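J.: Pasting work16.pdb below, which is PDB, C-alpha atoms.
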```
ATOM      1  CA  GLN A   1     218.675  -4.217 -61.816
ATOM      2  CA  ILE A   2     214.893  -4.076 -61.271
ATOM      3  CA  ARG A   3     212.762  -6.889 -62.750
ATOM      4  CA  GLY A   4     215.225  -7.389 -65.599
ATOM      5  CA  ILE A   5     215.615  -3.656 -66.290
ATOM      6  CA  THR A   6     219.295  -2.696 -66.174
ATOM      7  CA  HIS A   7     219.584   0.511 -68.247
ATOM      8  CA  LEU A   8     218.377   3.149 -65.822
ATOM      9  CA  ALA A   9     220.946   5.869 -66.533
ATOM     10  CA  ASP A  10     220.232   8.967 -68.619
ATOM     11  CA  LEU A  11     216.517   9.012 -67.865
ATOM     12  CA  PRO A  12     215.650  12.626 -67.036
ATOM     13  CA  ALA A  13     211.951  11.746 -66.724
ATOM     14  CA  LEU A  14     212.628   9.614 -63.624
ATOM     15  CA  ARG A  15     213.756  10.510 -60.122
ATOM     16  CA  PHE A  16     213.996   8.576 -56.849
ATOM     17  CA  HIS A  17     212.968   9.850 -53.423
ATOM     18  CA  PRO A  18     213.939   7.826 -50.320
ATOM     19  CA  ARG A  19     210.991   9.054 -48.232
ATOM     20  CA  CYS A  20     208.178  10.304 -50.443
ATOM     21  CA  TYR A  21     204.991  11.381 -48.677
ATOM     22  CA  TYR A  22     202.123   8.877 -48.866
ATOM     23  CA  ARG A  23     198.645   9.837 -47.681
ATOM     24  CA  PRO A  24     196.801   6.723 -46.458
ATOM     25  CA  ASN A  25     193.192   6.394 -47.523
ATOM     26  CA  ASP A  26     190.226   4.477 -46.103
ATOM     27  CA  ASP A  27     191.399   1.233 -47.745
ATOM     28  CA  ASP A  28     194.777   1.283 -45.995
ATOM     29  CA  VAL A  29     195.271  -0.586 -42.750
ATOM     30  CA  PRO A  30     195.550   1.496 -39.574
ATOM     31  CA  GLY A  31     199.106   2.534 -38.864
ATOM     32  CA  THR A  32     200.171   2.657 -42.534
ATOM     33  CA  PRO A  33     203.349   4.779 -42.691
ATOM     34  CA  GLY A  34     203.182   8.252 -44.155
ATOM     35  CA  SER A  35     206.204   7.837 -46.440
ATOM     36  CA  PHE A  36     207.975   5.214 -48.537
ATOM     37  CA  PRO A  37     210.785   5.137 -51.096
ATOM     38  CA  ALA A  38     209.291   6.165 -54.426
ATOM     39  CA  LEU A  39     209.972   6.457 -58.119
ATOM     40  CA  ILE A  40     208.759   9.847 -59.315
ATOM     41  CA  ALA A  41     208.138  10.308 -63.037
ATOM     42  CA  SER A  42     207.498  13.563 -64.868
ATOM     43  CA  VAL A  43     204.489  13.620 -67.184
ATOM     44  CA  THR A  44     204.893  15.962 -70.160
ATOM     45  CA  ASP A  45     203.162  16.931 -73.364
ATOM     46  CA  HIS A  46     204.847  16.295 -76.705
ATOM     47  CA  ASN A  47     206.613  19.668 -76.460
ATOM     48  CA  GLY A  48     208.279  18.614 -73.210
ATOM     49  CA  THR A  49     206.173  20.871 -70.982
ATOM     50  CA  LEU A  50     205.607  19.399 -67.527
ATOM     51  CA  THR A  51     201.903  18.645 -66.957
ATOM     52  CA  GLY A  52     201.951  16.275 -63.982
ATOM     53  CA  ALA A  53     203.773  13.662 -61.951
ATOM     54  CA  HIS A  54     203.389   9.951 -61.357
ATOM     55  CA  ARG A  55     204.568   8.246 -58.174
ATOM     56  CA  THR A  56     205.234   4.561 -57.471
ATOM     57  CA  TRP A  57     205.914   3.669 -53.837
ATOM     58  CA  PHE A  58     208.146   0.732 -52.885
ATOM     59  CA  ASP A  59     208.602  -1.529 -49.908
ATOM     60  CA  PRO A  60     211.732  -0.294 -48.066
ATOM     61  CA  THR A  61     212.772  -3.841 -47.093
ATOM     62  CA  ARG A  62     212.431  -5.831 -50.329
ATOM     63  CA  PRO A  63     212.202  -5.293 -54.109
ATOM     64  CA  ALA A  64     208.426  -4.926 -54.357
ATOM     65  CA  LYS A  65     205.781  -2.241 -54.431
ATOM     66  CA  ALA A  66     204.731  -0.866 -51.068
ATOM     67  CA  ASN A  67     201.985  -2.861 -49.338
ATOM     68  CA  VAL A  68     199.454  -0.056 -49.508
ATOM     69  CA  ALA A  69     196.057   0.415 -51.104
ATOM     70  CA  SER A  70     197.372   2.752 -53.808
ATOM     71  CA  PRO A  71     201.038   2.042 -54.605
ATOM     72  CA  ARG A  72     200.695   4.190 -57.753
ATOM     73  CA  ARG A  73     199.219   7.665 -57.881
ATOM     74  CA  ALA A  74     199.253  10.478 -60.409
ATOM     75  CA  MET A  75     198.697  14.182 -60.008
ATOM     76  CA  GLY A  76     198.245  16.992 -62.496
ATOM     77  CA  ASN A  77     197.102  16.858 -66.111
ATOM     78  CA  ILE A  78     197.812  13.255 -67.130
ATOM     79  CA  LEU A  79     195.186  12.539 -69.805
ATOM     80  CA  GLY A  80     196.677  12.765 -73.285
ATOM     81  CA  ASN A  81     200.205  13.240 -71.958
ATOM     82  CA  ALA A  82     202.896  10.713 -71.046
ATOM     83  CA  ILE A  83     206.162   9.836 -69.321
ATOM     84  CA  ARG A  84     208.680  10.100 -72.157
ATOM     85  CA  PHE A  85     211.961   8.377 -72.872
ATOM     86  CA  GLY A  86     213.526   9.983 -75.927
ATOM     87  CA  GLN A  87     212.282  12.561 -78.410
ATOM     88  CA  CYS A  88     209.785  11.590 -81.091
ATOM     89  CA  GLU A  89     211.070  12.285 -84.599
ATOM     90  CA  GLY A  90     208.315  10.799 -86.706
ATOM     91  CA  ILE A  91     208.286   7.382 -85.045
ATOM     92  CA  MET A  92     207.668   6.291 -81.455
ATOM     93  CA  ALA A  93     206.250   3.494 -79.322
ATOM     94  CA  ALA A  94     203.596   4.027 -76.663
ATOM     95  CA  GLY A  95     202.309   1.734 -73.944
ATOM     96  CA  GLU A  96     200.635   1.727 -70.565
ATOM     97  CA  GLY A  97     203.202   1.523 -67.794
ATOM     98  CA  ILE A  98     206.713   2.706 -67.032
ATOM     99  CA  GLU A  99     207.918  -0.858 -66.481
ATOM    100  CA  THR A 100     206.554  -1.978 -69.861
ATOM    101  CA  MET A 101     208.246   0.819 -71.747
ATOM    102  CA  LEU A 102     211.572   0.458 -69.930
ATOM    103  CA  SER A 103     211.447  -3.236 -70.863
ATOM    104  CA  LEU A 104     211.184  -2.219 -74.519
ATOM    105  CA  ARG A 105     214.068   0.181 -73.979
ATOM    106  CA  GLU A 106     216.229  -2.761 -72.886
ATOM    107  CA  ALA A 107     215.621  -4.398 -76.276
ATOM    108  CA  LEU A 108     215.345  -1.329 -78.549
ATOM    109  CA  PRO A 109     217.363   1.453 -76.871
ATOM    110  CA  PRO A 110     217.114   4.033 -79.677
ATOM    111  CA  MET A 111     213.298   3.872 -79.952
ATOM    112  CA  PRO A 112     211.516   6.956 -78.512
ATOM    113  CA  LEU A 113     209.015   5.728 -75.922
ATOM    114  CA  ALA A 114     205.975   7.082 -74.095
ATOM    115  CA  ALA A 115     204.298   5.543 -71.037
ATOM    116  CA  ALA A 116     200.709   6.743 -70.748
ATOM    117  CA  THR A 117     200.290   5.316 -67.164
ATOM    118  CA  SER A 118     197.082   3.304 -67.845
ATOM    119  CA  SER A 119     195.108   1.647 -70.642
ATOM    120  CA  SER A 120     192.507   4.431 -70.717
ATOM    121  CA  HIS A 121     195.222   7.079 -70.894
ATOM    122  CA  LEU A 122     196.977   5.111 -73.632
ATOM    123  CA  ALA A 123     193.790   5.198 -75.698
ATOM    124  CA  ALA A 124     193.671   8.997 -75.265
ATOM    125  CA  ILE A 125     197.367   9.793 -75.803
ATOM    126  CA  LEU A 126     197.856  12.888 -77.951
ATOM    127  CA  PHE A 127     199.810  12.415 -81.159
ATOM    128  CA  PRO A 128     202.858  14.664 -81.704
ATOM    129  CA  PRO A 129     202.387  16.743 -84.873
ATOM    130  CA  THR A 130     205.435  15.102 -86.487
ATOM    131  CA  LEU A 131     204.271  11.533 -85.772
ATOM    132  CA  ARG A 132     203.832   9.345 -88.832
ATOM    133  CA  ARG A 133     204.189   5.838 -87.392
ATOM    134  CA  LEU A 134     203.143   4.656 -83.916
ATOM    135  CA  TYR A 135     203.999   1.313 -82.359
ATOM    136  CA  VAL A 136     201.651   0.274 -79.587
ATOM    137  CA  ALA A 137     203.292  -1.875 -76.903
ATOM    138  CA  ARG A 138     200.065  -3.332 -75.649
ATOM    139  CA  ASP A 139     199.278  -5.662 -72.778
ATOM    140  CA  ARG A 140     197.697  -9.048 -73.460
ATOM    141  CA  ASP A 141     194.347  -8.407 -71.747
ATOM    142  CA  ALA A 142     190.881  -6.968 -72.374
ATOM    143  CA  ALA A 143     191.966  -3.449 -71.413
ATOM    144  CA  GLY A 144     194.807  -3.692 -73.941
ATOM    145  CA  ASP A 145     192.327  -4.808 -76.612
ATOM    146  CA  ALA A 146     190.059  -1.839 -75.920
ATOM    147  CA  ALA A 147     192.872   0.719 -75.907
ATOM    148  CA  PHE A 148     194.288  -0.621 -79.153
ATOM    149  CA  ALA A 149     190.884  -0.498 -80.860
ATOM    150  CA  ILE A 150     190.412   3.168 -79.920
ATOM    151  CA  LEU A 151     193.965   4.053 -80.979
ATOM    152  CA  THR A 152     193.423   2.315 -84.319
ATOM    153  CA  GLU A 153     190.416   4.527 -85.093
ATOM    154  CA  ARG A 154     192.214   7.677 -83.960
ATOM    155  CA  ALA A 155     195.370   6.871 -85.919
ATOM    156  CA  GLN A 156     193.396   6.171 -89.094
ATOM    157  CA  ALA A 157     191.620   9.504 -88.772
ATOM    158  CA  ALA A 158     194.968  11.279 -88.275
ATOM    159  CA  ARG A 159     196.607   9.320 -91.132
ATOM    160  CA  ILE A 160     199.189   7.821 -88.805
ATOM    161  CA  GLU A 161     200.379   4.279 -89.427
ATOM    162  CA  LEU A 162     199.768   2.153 -86.361
ATOM    163  CA  LEU A 163     201.509  -1.150 -85.670
ATOM    164  CA  PRO A 164     200.913  -3.423 -82.641
ATOM    165  CA  LEU A 165     203.665  -4.953 -80.536
ATOM    166  CA  MET A 166     202.206  -7.921 -78.644
ATOM    167  CA  PRO A 167     204.008  -9.696 -75.777
ATOM    168  CA  GLU A 168     204.048 -13.474 -75.579
ATOM    169  CA  LEU A 169     203.178 -13.360 -71.867
ATOM    170  CA  GLY A 170     201.044 -10.824 -70.000
ATOM    171  CA  ASP A 171     203.245  -7.801 -70.741
ATOM    172  CA  PHE A 172     206.710  -6.992 -72.055
ATOM    173  CA  ASN A 173     208.312  -7.022 -68.625
ATOM    174  CA  ASP A 174     207.186 -10.623 -68.209
ATOM    175  CA  ASP A 175     208.791 -11.379 -71.593
ATOM    176  CA  LEU A 176     211.993  -9.547 -70.642
ATOM    177  CA  GLN A 177     212.363 -11.419 -67.355
ATOM    178  CA  ARG A 178     211.791 -14.773 -69.024
ATOM    179  CA  ASP A 179     213.834 -14.312 -72.208
ATOM    180  CA  GLY A 180     216.305 -11.449 -71.677
ATOM    181  CA  ALA A 181     216.841  -8.339 -73.753
ATOM    182  CA  SER A 182     218.553  -9.961 -76.775
ATOM    183  CA  LEU A 183     215.830 -12.495 -77.495
ATOM    184  CA  LEU A 184     213.093  -9.953 -76.817
ATOM    185  CA  GLY A 185     214.821  -7.571 -79.228
ATOM    186  CA  GLU A 186     214.966 -10.223 -81.939
ATOM    187  CA  ARG A 187     211.232 -10.804 -81.662
ATOM    188  CA  LEU A 188     210.433  -7.084 -81.643
ATOM    189  CA  ILE A 189     212.624  -6.326 -84.659
ATOM    190  CA  ALA A 190     210.657  -8.873 -86.668
ATOM    191  CA  HIS A 191     207.483  -6.807 -86.091
ATOM    192  CA  LEU A 192     208.951  -3.425 -87.028
ATOM    193  CA  HIS A 193     208.395  -1.715 -90.341
ATOM    194  CA  ASP A 194     211.140  -2.561 -92.853
ATOM    195  CA  ALA A 195     212.384   1.041 -92.766
ATOM    196  CA  ASP A 196     212.790   0.946 -88.966
ATOM    197  CA  ARG A 197     214.696  -2.292 -88.420
ATOM    198  CA  ALA A 198     218.229  -1.011 -88.990
ATOM    199  CA  ARG A 199     217.460   2.247 -87.185
ATOM    200  CA  PHE A 200     216.209   0.696 -83.954
ATOM    201  CA  LEU A 201     218.183  -2.536 -83.814
ATOM    202  CA  ARG A 202     219.578  -3.128 -80.323
ATOM    203  CA  ARG A 203     223.184  -1.964 -79.972
TER
END
```
Can I see the file as structure tokens?

T.:
Amino acid sequence: QIRGITHLADLPALRFHPRCYYRPNDDDVPGTPGSFPALIASVTDHNGTLTGAHRTWFDPTRPAKANVASPRRAMGNILGNAIRFGQCEGIMAAGEGIETMLSLREALPPMPLAAATSSSHLAAILFPPTLRRLYVARDRDAAGDAAFAILTERAQAARIELLPLMPELGDFNDDLQRDGASLLGERLIAHLHDADRARFLRR
């Protein structure tokens, strides 16, 4: 279990490396190690083609991110693409971070999810050609406001229905840790389109 996230099996987009290379930069303290345990995520387009990778380094002694200047880094073609959990078939949810989207997966396991890696990348995420309804799992901050506003304009132009999913706390992982998956799922279901409630109900 990591920050309330328990369902980590069957996630082909994620891999773990016990000693992933880390290149210290000028903001790191002298003597920063050159490797840490890391979560490595594949970034793909909506056809499943690999376009990049995202790495999150962790402290090897405790459940926390590594104490480095850049505990998250991406490489490759990230803009417009995403880390995907499930295949979009007309409906999906998109959000900023891996942790946010895995928190939604705890509550709504069948929902196809896409983590864009940042608020600016969320605003620029490319819509699959089959997409007709997009849920936006946004963060409760100014960056989340801005990304949602841009996505609203883009979705209207593409004739895609867009529905917000707003956490009660700062993000959905905060909600998950406070309330658990069942209660979070009950709140999320109430904000889904009528046609989606039975399909994505937690089971």

J.: Counting only C-alpha atoms, which residues sit no farther than 10 Å from the position (193.1, -0.1, -66.0) in the file's frame? I'd like them as a PyMOL selection string.

T.: chain A and resi 96+117-121+142-144+147

J.: What does the PyMOL selection byres ((chain A and resi 48) around 10) select in this file, as a list in words?

T.: Ser42, Val43, Thr44, Asp45, His46, Asn47, Thr49, Leu50, Thr51, Asn81, Ala82, Ile83, Arg84 and Gln87 of chain A

J.: Do a neighbour search on Ile40 of chain A at 7 Å with all atoms listed in the file, toss out local chain neighbours closer than 6 positions, and write the hits as a PyMOL selection string.

T.: chain A and resi 14-16+53-56

J.: With all atoms listed in the file as the atoms that count, which of A:Ala74, A:Leu39, A:Leu176, A:Cys20 lies nearest to Ser103 of chain A?

T.: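 Of A:Ala74, A:Leu39, A:Leu176, A:Cys20, the one nearest Ser103 of chain A, counting all atoms listed in the file, is A:Leu176.
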
J.: As an exercise, work out the distance from atom CA of Ala124 of chain A to atom CA of Pro167 of chain A in Å and give it to one decimal place.

T.: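 Computing the Euclidean distance for atom CA of Ala124 of chain A and atom CA of Pro167 of chain A yields 21.4 Å.
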
J.: Which residues, written as a PyMOL selection string, have at least one atom at most 12 Å from Asp139 of chain A, with all atoms listed in the file counted and residues fewer than 3 positions away on the same chain left out?

T.: chain A and resi 94-97+99-101+118-119+122+136+142-148+164-175

J.: Atom CA of Ile5 of chain A and atom CA of Phe127 of chain A are how many Å apart?

T.: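 Atom-to-atom, atom CA of Ile5 of chain A and atom CA of Phe127 of chain A are spaced 27.0 Å apart.
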
J.: Set the distance at 7 Å and use all atoms listed in the file: which residues neighbour Trp57 of chain A once local chain neighbours fewer than 3 positions away are removed? I'd like the list as number ranges by chain.

T.: A: 36-39, 65-66, 71-72

J.: Return the single residue from A:Gly86, A:Gly76, A:Pro18, A:Gly31 that is closest to Phe58 of chain A, with distances computed using only C-alpha atoms.

T.: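 Of A:Gly86, A:Gly76, A:Pro18, A:Gly31, the one nearest Phe58 of chain A is A:Pro18, counting only C-alpha atoms.
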
J.: Quick one: of A:Arg199, A:Arg23, A:His17, A:Arg140, who's nearest to Pro112 of chain A, counting only C-alpha atoms?

T.: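 For Pro112 of chain A, the nearest of the given residues is A:Arg199.
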
J.: May I ask for the distance between atom CA of Leu126 of chain A and atom CA of Leu104 of chain A, given in Å to one decimal place?

T.: 20.4 Å

J.: Exactly which residues make up the result of the PyMOL selection byres ((chain A and resi 24) around 12) on this file, given as a list of chain:residue names?

T.: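 After applying the PyMOL selection byres ((chain A and resi 24) around 12), what remains is A:Tyr21, A:Tyr22, A:Arg23, A:Asn25, A:Asp26, A:Asp27, A:Asp28, A:Val29, A:Pro30, A:Gly31, A:Thr32, A:Pro33, A:Gly34, A:Ser35, A:Phe36, A:Ala66, A:Asn67, A:Val68, A:Ala69, A:Ser70, A:Pro71, A:Arg73.
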
J.: (212.5, -7.2, -79.3) in this file's frame - what residues fall within 12 Å of it? Use only C-alpha atoms and give the answer as a VMD selection string.

T.: chain A and resid 101 103 to 109 111 137 165 to 168 172 to 173 175 to 176 179 to 192 197 200 to 203

J.: As a list in words, please: the residues near Pro129 of chain A (cut-off 12 Å, all atoms listed in the file, same-chain neighbours under 4 positions excluded).

T.: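 My list of contacting residues is Asp45, His46, Asn47, Cys88, Glu89, Gly90, Ile91, Arg133, Ala158, Arg159 and Ile160 of chain A.
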
J.: For the residues selected in the previous step, produce a file with C-alpha atoms as a PDB file, keeping the file's coordinate frame.

T.:
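Below is the file that was written, selection.pdb:
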```pdb
ATOM      1  CA  ASP A  45     203.162  16.931 -73.364  1.00  0.00           C
ATOM      2  CA  HIS A  46     204.847  16.295 -76.705  1.00  0.00           C
ATOM      3  CA  ASN A  47     206.613  19.668 -76.460  1.00  0.00           C
ATOM      4  CA  CYS A  88     209.785  11.590 -81.091  1.00  0.00           C
ATOM      5  CA  GLU A  89     211.070  12.285 -84.599  1.00  0.00           C
ATOM      6  CA  GLY A  90     208.315  10.799 -86.706  1.00  0.00           C
ATOM      7  CA  ILE A  91     208.286   7.382 -85.045  1.00  0.00           C
ATOM      8  CA  ARG A 133     204.189   5.838 -87.392  1.00  0.00           C
ATOM      9  CA  ALA A 158     194.968  11.279 -88.275  1.00  0.00           C
ATOM     10  CA  ARG A 159     196.607   9.320 -91.132  1.00  0.00           C
ATOM     11  CA  ILE A 160     199.189   7.821 -88.805  1.00  0.00           C
TER      12      ILE A 160
END
```
